[in-house]
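Q: entry.txt is the file, holding compact mmCIF, C-alpha atoms:
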# COMPACT_ATOMS: atom_id res chain seq x y z
CA MET A 1 78.44 81.84 172.47
CA THR A 2 81.61 82.96 170.68
CA THR A 3 84.58 80.78 171.42
CA ARG A 4 88.12 82.01 171.94
CA ARG A 5 89.16 80.38 168.66
CA GLU A 6 86.45 82.30 166.74
CA TRP A 7 87.66 85.56 168.28
CA LEU A 8 91.21 84.80 167.17
CA VAL A 9 90.12 83.93 163.62
CA GLY A 10 88.04 87.13 163.48
CA ALA A 11 90.94 89.27 164.67
CA ALA A 12 93.27 87.69 162.10
CA ALA A 13 90.73 88.33 159.33
CA CYS A 14 90.43 92.00 160.40
CA GLY A 15 94.21 92.34 160.35
CA LEU A 16 94.34 90.88 156.84
CA LEU A 17 91.65 93.28 155.60
CA VAL A 18 93.48 96.30 157.05
CA HIS A 19 96.70 95.12 155.41
CA GLN A 20 94.95 94.68 152.06
CA ALA A 21 93.29 98.07 152.31
CA ARG A 22 96.69 99.68 152.88
CA ALA A 23 98.25 97.77 149.99
CA HIS A 24 95.45 98.84 147.66
CA GLY A 25 95.72 102.45 148.79
CA ALA A 26 98.48 102.86 146.19
CA PHE A 27 95.93 103.10 143.38
CA GLY A 28 92.24 103.82 142.90
CA PRO A 29 90.02 106.82 143.67
CA VAL A 30 91.40 109.42 146.06
CA GLN A 31 88.66 110.32 148.53
CA PRO A 32 88.50 113.03 149.59
CA ALA A 33 90.27 114.61 146.63
CA LEU A 34 93.64 116.12 147.58
CA PRO A 35 94.58 119.67 146.55
CA ALA A 36 97.88 119.79 144.65
CA PRO A 37 100.73 121.11 146.80
CA ALA A 38 102.07 124.59 146.03
CA LEU A 39 105.32 123.38 144.48
CA SER A 40 107.05 125.52 141.91
CA LEU A 41 107.71 124.05 138.45
CA GLN A 42 109.44 125.27 135.33
CA ASP A 43 107.17 124.91 132.30
CA MET A 44 108.38 124.32 128.74
CA ALA A 45 108.54 128.06 128.11
CA GLY A 46 110.98 128.38 131.00
CA LYS A 47 108.51 130.16 133.26
CA SER A 48 108.18 129.29 136.93
CA VAL A 49 104.60 128.17 137.63
CA PRO A 50 103.00 126.81 140.82
CA LEU A 51 101.71 123.27 140.34
CA PRO A 52 98.10 124.18 141.24
CA ALA A 53 98.12 126.96 138.62
CA LEU A 54 99.52 124.53 136.04
CA LEU A 55 96.69 122.09 136.70
CA ALA A 56 93.73 124.38 137.32
CA GLY A 57 91.01 124.71 134.71
CA GLN A 58 91.61 121.38 132.95
CA VAL A 59 91.44 117.72 133.81
CA THR A 60 95.05 116.55 133.75
CA ALA A 61 96.69 113.13 133.80
CA VAL A 62 100.17 113.46 135.30
CA GLN A 63 103.04 110.99 134.98
CA LEU A 64 106.50 110.96 136.57
CA MET A 65 109.49 110.40 134.32
CA PHE A 66 113.00 111.52 133.44
CA THR A 67 114.66 111.64 130.07
CA GLY A 68 117.57 109.38 131.03
CA CYS A 69 115.22 106.58 132.08
CA SER A 70 115.37 103.73 129.60
CA ALA A 71 113.29 101.09 131.38
CA THR A 72 109.75 102.19 132.24
CA CYS A 73 109.72 105.73 130.79
CA PRO A 74 109.59 104.69 127.11
CA ILE A 75 106.55 102.58 127.99
CA GLN A 76 105.00 105.50 129.90
CA GLY A 77 105.65 107.74 126.91
CA ALA A 78 103.95 105.21 124.65
CA VAL A 79 100.93 105.06 126.99
CA PHE A 80 100.55 108.85 126.91
CA ALA A 81 101.05 108.91 123.13
CA ASP A 82 98.23 106.41 122.74
CA ALA A 83 96.05 108.39 125.18
CA GLN A 84 96.80 111.57 123.24
CA ALA A 85 95.57 109.94 120.03
CA ARG A 86 92.35 108.90 121.79
CA LEU A 87 91.92 112.40 123.24
CA ALA A 88 92.03 113.95 119.77
CA LYS A 89 88.27 113.56 119.53
CA GLU A 90 87.70 115.04 122.99
CA ASN A 91 87.32 118.67 124.00
CA ALA A 92 90.38 120.71 124.85
CA GLY A 93 89.78 120.46 128.60
CA LEU A 94 91.59 117.13 128.93
CA ARG A 95 95.36 117.05 128.83
CA LEU A 96 98.53 115.21 129.76
CA LEU A 97 101.50 116.38 131.82
CA SER A 98 104.88 114.67 132.22
CA LEU A 99 106.81 115.75 135.32
CA SER A 100 110.53 115.05 135.53
CA ILE A 101 111.91 113.75 138.81
CA ASP A 102 115.48 114.51 137.75
CA PRO A 103 115.96 118.30 137.73
CA LEU A 104 119.75 117.80 137.82
CA GLY A 105 119.87 115.58 134.74
CA ASP A 106 117.01 117.11 132.77
CA ASP A 107 116.71 120.53 131.20
CA LEU A 108 114.20 122.14 128.83
CA PRO A 109 115.84 120.98 125.57
CA ALA A 110 116.03 117.39 126.86
CA MET A 111 112.39 117.52 127.94
CA ARG A 112 111.30 118.98 124.59
CA ALA A 113 113.24 116.26 122.75
CA TRP A 114 111.61 113.58 124.92
CA LEU A 115 108.14 114.95 124.17
CA ALA A 116 108.95 115.17 120.46
CA LYS A 117 110.09 111.54 120.44
CA PHE A 118 106.56 110.51 121.36
CA GLY A 119 104.82 112.98 119.08
CA ALA A 120 103.46 115.15 121.89
CA GLN A 121 101.28 118.03 120.71
CA SER A 122 101.81 121.07 122.91
CA ALA A 123 98.10 121.85 123.21
CA ARG A 124 97.40 118.40 124.65
CA TRP A 125 100.62 117.14 126.25
CA ALA A 126 103.06 119.29 128.19
CA ALA A 127 105.99 118.70 130.53
CA ALA A 128 107.51 120.51 133.47
CA LEU A 129 110.53 120.38 135.77
CA PRO A 130 110.29 120.70 139.55
CA LYS A 131 113.02 122.25 141.65
CA LEU A 132 115.37 119.77 143.27
CA LYS A 133 114.02 120.47 146.76
CA ASP A 134 110.48 119.77 145.57
CA VAL A 135 111.09 116.32 144.08
CA ASP A 136 110.66 114.42 147.34
CA PRO A 137 107.50 116.31 148.39
CA LEU A 138 106.09 115.62 144.91
CA LEU A 139 106.87 111.89 145.14
CA ASP A 140 105.39 111.77 148.64
CA PHE A 141 102.20 113.59 147.65
CA LEU A 142 101.57 111.38 144.65
CA ARG A 143 102.83 108.23 146.40
CA GLY A 144 104.85 107.82 143.25
CA ARG A 145 108.06 106.59 144.81
CA ALA A 146 109.41 103.18 143.76
CA PRO A 147 112.59 101.26 144.62
CA GLY A 148 115.26 100.65 142.00
CA THR A 149 116.93 102.60 139.26
CA ASP A 150 113.89 104.49 138.03
CA ARG A 151 112.79 105.68 141.51
CA HIS A 152 109.22 106.38 140.40
CA THR A 153 106.12 104.38 139.63
CA ALA A 154 104.68 104.18 136.11
CA GLN A 155 101.23 105.26 137.31
CA ALA A 156 99.16 108.15 136.01
CA PHE A 157 97.66 110.61 138.48
CA VAL A 158 94.38 112.23 137.47
CA PHE A 159 93.64 115.78 138.67
CA ASP A 160 90.29 117.51 138.30
CA ARG A 161 89.76 121.12 137.14
CA GLN A 162 90.23 122.37 140.70
CA ALA A 163 93.76 120.93 140.68
CA ARG A 164 92.78 118.16 143.09
CA LEU A 165 94.16 114.64 142.86
CA VAL A 166 91.14 112.39 142.29
CA TYR A 167 92.59 109.11 141.01
CA ARG A 168 95.82 107.11 141.08
CA THR A 169 95.93 104.48 138.33
CA GLU A 170 97.82 101.22 138.41
CA ASP A 171 101.29 101.07 136.86
CA MET A 172 101.20 101.53 133.08
CA PRO A 173 97.44 102.02 132.78
CA GLN A 174 95.60 101.03 129.63
CA PRO A 175 95.36 104.21 127.55
CA GLU A 176 91.65 103.75 126.90
CA GLU A 177 91.02 103.32 130.64
CA LEU A 178 93.06 106.43 131.40
CA VAL A 179 90.98 108.45 128.97
CA ARG A 180 87.78 107.09 130.54
CA LEU A 181 89.00 108.17 133.99
CA MET A 182 89.75 111.64 132.68
CA GLN A 183 86.31 111.89 131.07
CA ARG A 184 84.71 110.83 134.36
CA ALA A 185 86.70 113.44 136.27
CA ALA A 186 85.61 116.09 133.74
CA VAL A 187 81.93 115.23 134.20
CA ARG A 188 82.18 115.30 138.00
CA ALA A 189 84.17 118.50 138.24
CA MET B 1 152.96 100.10 112.70
CA VAL B 2 152.13 97.32 115.10
CA PRO B 3 148.85 95.60 114.38
CA PHE B 4 145.85 95.48 116.73
CA GLY B 5 146.86 98.45 118.81
CA LEU B 6 149.58 96.59 120.63
CA SER B 7 151.85 99.59 120.27
CA ARG B 8 149.62 101.40 122.75
CA SER B 9 150.34 98.83 125.43
CA PRO B 10 151.29 100.41 128.74
CA PHE B 11 154.36 98.21 128.82
CA GLY B 12 155.79 99.82 125.71
CA LEU B 13 157.65 98.03 122.94
CA SER B 14 161.08 98.17 124.49
CA SER B 15 160.18 96.76 127.90
CA SER B 16 161.59 93.31 128.50
CA LYS B 17 159.70 92.63 131.72
CA PRO B 18 156.51 91.10 130.34
CA GLY B 19 158.40 88.71 128.06
CA GLY B 20 161.06 87.68 130.54
CA LEU B 21 164.57 86.46 129.78
CA ARG B 22 163.80 84.75 126.45
CA ALA B 23 162.30 87.93 125.10
CA THR B 24 165.33 89.91 126.26
CA LEU B 25 167.62 87.50 124.43
CA ARG B 26 165.54 87.68 121.26
CA GLN B 27 165.62 91.46 121.46
CA ALA B 28 169.37 91.29 121.82
CA GLN B 29 169.45 89.25 118.58
CA GLY B 30 167.69 92.07 116.80
CA GLU B 31 164.20 90.60 116.76
CA ARG B 32 161.47 93.09 117.54
CA VAL B 33 159.64 91.77 120.60
CA LEU B 34 156.20 92.82 121.81
CA PRO B 35 154.92 92.58 125.39
CA PHE B 36 154.39 89.04 126.76
CA GLY B 37 157.33 87.85 124.66
CA LEU B 38 155.44 87.88 121.37
CA SER B 39 157.41 88.48 118.22
CA LEU B 40 155.80 90.60 115.54
CA SER B 41 155.24 87.56 113.37
CA LYS B 42 153.59 85.60 116.18
CA ALA B 43 151.44 88.57 117.15
CA TRP B 44 150.31 88.87 113.56
CA TRP B 45 149.49 85.14 113.41
CA LEU B 46 147.61 85.28 116.71
CA GLY B 47 145.70 88.36 115.62
CA SER B 48 144.73 86.69 112.35
CA VAL B 49 143.37 83.64 114.19
CA LEU B 50 141.38 85.83 116.58
CA ALA B 51 140.05 87.89 113.69
CA MET B 52 139.01 84.71 111.87
CA CYS B 53 137.19 83.45 114.98
CA GLY B 54 135.42 86.77 115.33
CA GLY B 55 134.51 86.67 111.67
CA VAL B 56 133.03 83.21 112.06
CA ALA B 57 130.98 84.38 115.05
CA LEU B 58 129.69 87.41 113.20
CA ALA B 59 129.07 85.36 110.08
CA ASP B 60 126.65 83.12 112.01
CA PRO B 61 123.32 84.56 110.89
CA GLY B 62 121.59 83.33 114.05
CA LEU B 63 123.96 85.23 116.31
CA ALA B 64 123.74 88.36 114.22
CA VAL B 65 119.93 88.28 114.25
CA GLY B 66 119.94 87.54 117.98
CA ARG B 67 122.16 90.52 118.64
CA GLN B 68 120.02 92.80 116.48
CA LEU B 69 116.87 91.66 118.25
CA TYR B 70 118.46 92.14 121.65
CA ARG B 71 119.61 95.66 120.86
CA GLY B 72 116.39 96.67 119.13
CA GLU B 73 118.06 97.04 115.73
CA LEU B 74 115.43 94.58 114.51
CA ALA B 75 111.99 95.53 115.82
CA LEU B 76 110.38 93.02 118.12
CA PRO B 77 106.65 93.68 118.58
CA GLY B 78 105.75 93.74 122.26
CA THR B 79 102.64 94.62 124.24
CA ILE B 80 102.10 95.35 127.92
CA SER B 81 99.89 92.68 129.45
CA GLY B 82 96.29 93.92 129.36
CA HIS B 83 96.93 96.57 126.69
CA ALA B 84 95.35 96.42 123.27
CA GLN B 85 97.98 98.30 121.27
CA PRO B 86 101.57 97.11 120.74
CA LEU B 87 104.35 99.38 122.01
CA PRO B 88 106.60 101.35 119.67
CA PRO B 89 109.95 99.62 118.99
CA MET B 90 111.86 102.08 121.20
CA ALA B 91 109.93 100.77 124.21
CA THR B 92 110.47 97.06 123.57
CA ARG B 93 114.28 96.80 123.33
CA CYS B 94 115.74 94.16 125.65
CA THR B 95 118.64 96.50 126.41
CA ASN B 96 116.27 99.11 127.84
CA CYS B 97 116.15 97.05 131.03
CA HIS B 98 118.59 94.13 130.74
CA SER B 99 121.72 96.20 130.47
CA ARG B 100 124.54 97.42 132.65
CA ASP B 101 125.00 100.66 130.85
CA SER B 102 121.67 102.42 130.35
CA ALA B 103 121.79 106.17 130.79
CA ALA B 104 119.92 105.93 134.08
CA GLN B 105 122.37 103.45 135.45
CA ALA B 106 125.32 105.45 134.30
CA ALA B 107 123.85 108.43 136.14
CA SER B 108 123.00 106.61 139.33
CA GLY B 109 125.62 103.89 139.41
CA ALA B 110 122.81 101.48 140.16
CA ALA B 111 122.51 97.91 139.04
CA SER B 112 120.63 96.83 135.93
CA PHE B 113 116.86 97.53 136.12
CA ALA B 114 116.20 93.90 135.25
CA PRO B 115 118.51 90.89 135.59
CA LEU B 116 121.48 90.72 133.25
CA LEU B 117 120.84 87.80 130.91
CA THR B 118 124.08 85.93 131.41
CA ARG B 119 124.52 82.32 130.43
CA GLU B 120 124.88 81.42 134.12
CA ARG B 121 121.66 83.17 135.06
CA LEU B 122 119.68 81.53 132.27
CA LEU B 123 120.99 78.03 132.75
CA GLY B 124 120.69 78.36 136.54
CA PRO B 125 119.35 76.60 138.71
CA ILE B 126 118.23 79.84 140.35
CA ALA B 127 115.19 80.62 142.49
CA ARG B 128 113.31 83.37 140.69
CA ARG B 129 110.40 85.53 141.91
CA GLY B 130 109.91 83.43 145.03
CA GLY B 131 109.54 80.21 143.08
CA PRO B 132 111.61 77.03 143.40
CA PRO B 133 115.04 76.83 141.70
CA SER B 134 114.61 76.62 137.95
CA ARG B 135 116.61 76.86 134.77
CA TYR B 136 115.70 78.02 131.28
CA ASP B 137 115.90 76.07 128.11
CA GLU B 138 114.97 77.36 124.68
CA ALA B 139 111.31 76.33 124.99
CA SER B 140 110.80 77.90 128.43
CA PHE B 141 112.67 81.04 127.35
CA CYS B 142 110.36 81.45 124.36
CA ARG B 143 107.29 80.79 126.50
CA LEU B 144 108.40 83.50 128.92
CA LEU B 145 108.82 86.03 126.11
CA ARG B 146 105.37 85.28 124.73
CA SER B 147 103.34 84.74 127.90
CA GLY B 148 105.35 86.12 130.83
CA ILE B 149 105.45 82.73 132.57
CA ASP B 150 108.90 81.69 133.78
CA PRO B 151 110.23 78.10 134.02
CA ALA B 152 108.98 77.78 137.62
CA ILE B 153 105.47 78.81 136.41
CA MET B 154 105.84 82.21 138.10
CA LEU B 155 104.57 85.33 136.35
CA ILE B 156 107.18 87.99 135.55
CA PRO B 157 106.47 91.69 136.31
CA ARG B 158 104.04 93.49 134.05
CA GLN B 159 106.70 96.05 133.07
CA MET B 160 108.18 93.49 130.70
CA PRO B 161 106.26 93.41 127.43
CA ARG B 162 104.89 90.15 126.07
CA TYR B 163 106.53 89.63 122.68
CA ALA B 164 105.15 88.41 119.39
CA ILE B 165 108.32 86.50 118.55
CA ASP B 166 108.45 83.61 116.12
CA ASP B 167 110.42 80.40 116.64
CA THR B 168 113.31 81.43 114.40
CA GLN B 169 113.75 84.79 116.09
CA CYS B 170 113.49 83.23 119.52
CA LYS B 171 116.11 80.62 118.69
CA ALA B 172 118.41 83.38 117.45
CA LEU B 173 117.95 85.40 120.64
CA TRP B 174 118.49 82.36 122.84
CA THR B 175 121.62 81.37 120.92
CA TYR B 176 122.98 84.89 121.16
CA LEU B 177 122.46 85.06 124.93
CA LEU B 178 124.02 81.65 125.52
CA ASP B 179 126.97 82.74 123.41
CA ALA B 180 127.51 85.35 126.16
CA GLY B 181 125.67 88.05 124.22
CA GLU B 182 126.04 91.46 125.75
CA THR B 183 128.02 90.22 128.73
CA ARG B 184 130.98 88.89 126.81
Taking this structure as input, can you express it in the form of structure tokens?
A:
Amino acid sequence: MTTRREWLVGAAACGLLVHQARAHGAFGPVQPALPAPALSLQDMAGKSVPLPALLAGQVTAVQLMFTGCSATCPIQGAVFADAQARLAKENAGLRLLSLSIDPLGDDLPAMRAWLAKFGAQSARWAAALPKLKDVDPLLDFLRGRAPGTDRHTAQAFVFDRQARLVYRTEDMPQPEELVRLMQRAAVRA
Amino acid sequence: MVPFGLSRSPFGLSSSKPGGLRATLRQAQGERVLPFGLSLSKAWWLGSVLAMCGGVALADPGLAVGRQLYRGELALPGTISGHAQPLPPMATRCTNCHSRDSAAQAASGAASFAPLLTRERLLGPIARRGGPPSRYDEASFCRLLRSGIDPAIMLIPRQMPRYAIDDTQCKALWTYLLDAGETR
């Protein structure tokens, strides 16, 4: 016979598990995979491109950044630079994309200079600027919002070839682990 | 030419208000009087003393090294916890996060990304990261830089690199920060 105390302990344990599940929802596999929203971005050539079109056809690791960010963004840049070096041996279907969250402060020359600072090779690592009205929807979709000066997490977001979000990494992922996740997404897609 | 930019004072050279009655009398006797009642000769003497003090401070090799380490002018190898490769020097500068005037802050008007490393904050006692009140000393400061463990045995956020800093460099950085460092 279950006592009242056992019921209470069980209910508390369930509550704790639900809380933990929510807390861990910020990173890990995204199931089911989420199609990228149809936000419009400016690519490095100055062309306006829908996000799904920018992602389709390749496995892409996306990061949020802005060029005026001095705290986490240099570390994020270093993580992508390391991942780029590891991807050199991989096929061309794996690439990196840095998305600015500061369309007022960033422009194409600033974004190009930021990429150059980290040795980005255009075939492997690109960047793009969303429109101001699309920044919040982008942060909401990725769950990439963070409190404080930088406003964004230092996660990477892995999209498959169908432009679907399949994985959210932890903050500042290990480059080798990021590459492994991309390889896995390429095999599955 | 008045030394040390005093001629650009908003009070102007001829104003007698800042120096009061004595300054007015000295002016009347033909002595050139600066704001706050300083004569040219006294201003020069005071400036020389201040310059000498500044020179002594800059001449201290520990302080100079500490400042260079803090600003990233001397590379300080750092690695994100769990990563195999060290970060490039541009990503390990203390001032990237512990600064009032990063570009991001200037744009947003927000506070420093990480705490400003003032003498008061270091020598505390301050409750940090949910731990009990604690204060740094040189040993605990160096341990934090190397391992990420603060004086209350609390782990700092992963965003801060763990530094490969030797004892001499760490002493220089500690000395620089206690000397008021960037917050002077």
Q: Show me, as CSV, the residues of chain A having an atom within 7 Å of chain B, each with the closest atom pair and its distance in Å, using only C-alpha atoms.
A:
residue,atom,partner,partner_atom,distance
A:Gly68,CA,B:Ala104,CA,5.2
A:Cys69,CA,B:Ala104,CA,5.1
A:Ser70,CA,B:Asn96,CA,5.0
A:Ala71,CA,B:Cys97,CA,5.0
A:Thr72,CA,B:Gln159,CA,6.9
A:Pro74,CA,B:Ala91,CA,4.9
A:Ile75,CA,B:Ala91,CA,5.4
A:Ala78,CA,B:Leu87,CA,6.4
A:Gly148,CA,B:Phe113,CA,6.8
A:Thr149,CA,B:Phe113,CA,6.0
A:Gln174,CA,B:His83,CA,5.5
Q: Quick check, in Å to one decimal: how far apart do CA of Arg161 (chain A) and CA of Ala53 (chain A) lie?
A: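 Atom-to-atom, CA of Arg161 (chain A) to CA of Ala53 (chain A), that is 10.3 Å.
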Q: In Å, how far is it from CA of Ala88 (chain A) to CA of Phe118 (chain A)?
A: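 Result for CA of Ala88 (chain A) versus CA of Phe118 (chain A): 15.0 Å, one decimal.
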Q: Please determine the residues with any atom at most 12 Å from (104.0, 115.4, 120.7) (coordinates as given in the file, with all atoms listed in the file counting) and report them as a ChimeraX atom specification.
A: /A:77-78,80-85,95-98,111-127
Q: So that I can see what lies close to Asp150 (chain B), please list as a PyMOL selection string the residues with an atom at most 10 Å from it, counting only C-alpha atoms and leaving out residues fewer than 3 positions away in the same chain.
A: chain B and resi 128-129+131+134-136+140-145+147+153-156
Q: I'd like the interatomic distance between CA of Pro133 (chain B) and CA of Arg151 (chain A), to a tenth of an Å.
A: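 Answer for the CA of Pro133 (chain B) to CA of Arg151 (chain A) separation: 28.9 Å.
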Q: Quick one: residues within 10 Å of region 27-34 of chain A, only C-alpha atoms, excluding same-chain residues fewer than 3 positions away - as a list in words?
A: Ala23, His24, Pro37, Phe141, Leu142, Arg143, Gln155, Ala156, Phe157, Val158, Phe159, Asp160, Gln162, Ala163, Arg164, Leu165, Val166, Tyr167, Arg168, Thr169, Glu170, Asp171 and Leu181 of chain A
Q: For Glu120 (chain B), list every protein, DNA or RNA residue within 10 Å, evaluated using all atoms listed in the file, and leave out those in the same chain fewer than 4 positions away; present the list as a list in words.
A: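 Skipping anything fewer than 4 positions along the chain leaves Leu116, Gly124, Pro125, Ile126, Arg135, Leu178 and Ala180 of chain B.
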Q: Contacts of region 38-43 of chain A at 7 Å or less, counting all atoms listed in the file, minus same-chain residues fewer than 4 places along, as a list in words?
A: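 Result of the neighbour search: Lys47, Ser48, Val49, Pro50, Leu51, Pro52, Ala127, Ala128, Leu129, Pro130, Lys131 and Asp134 of chain A.
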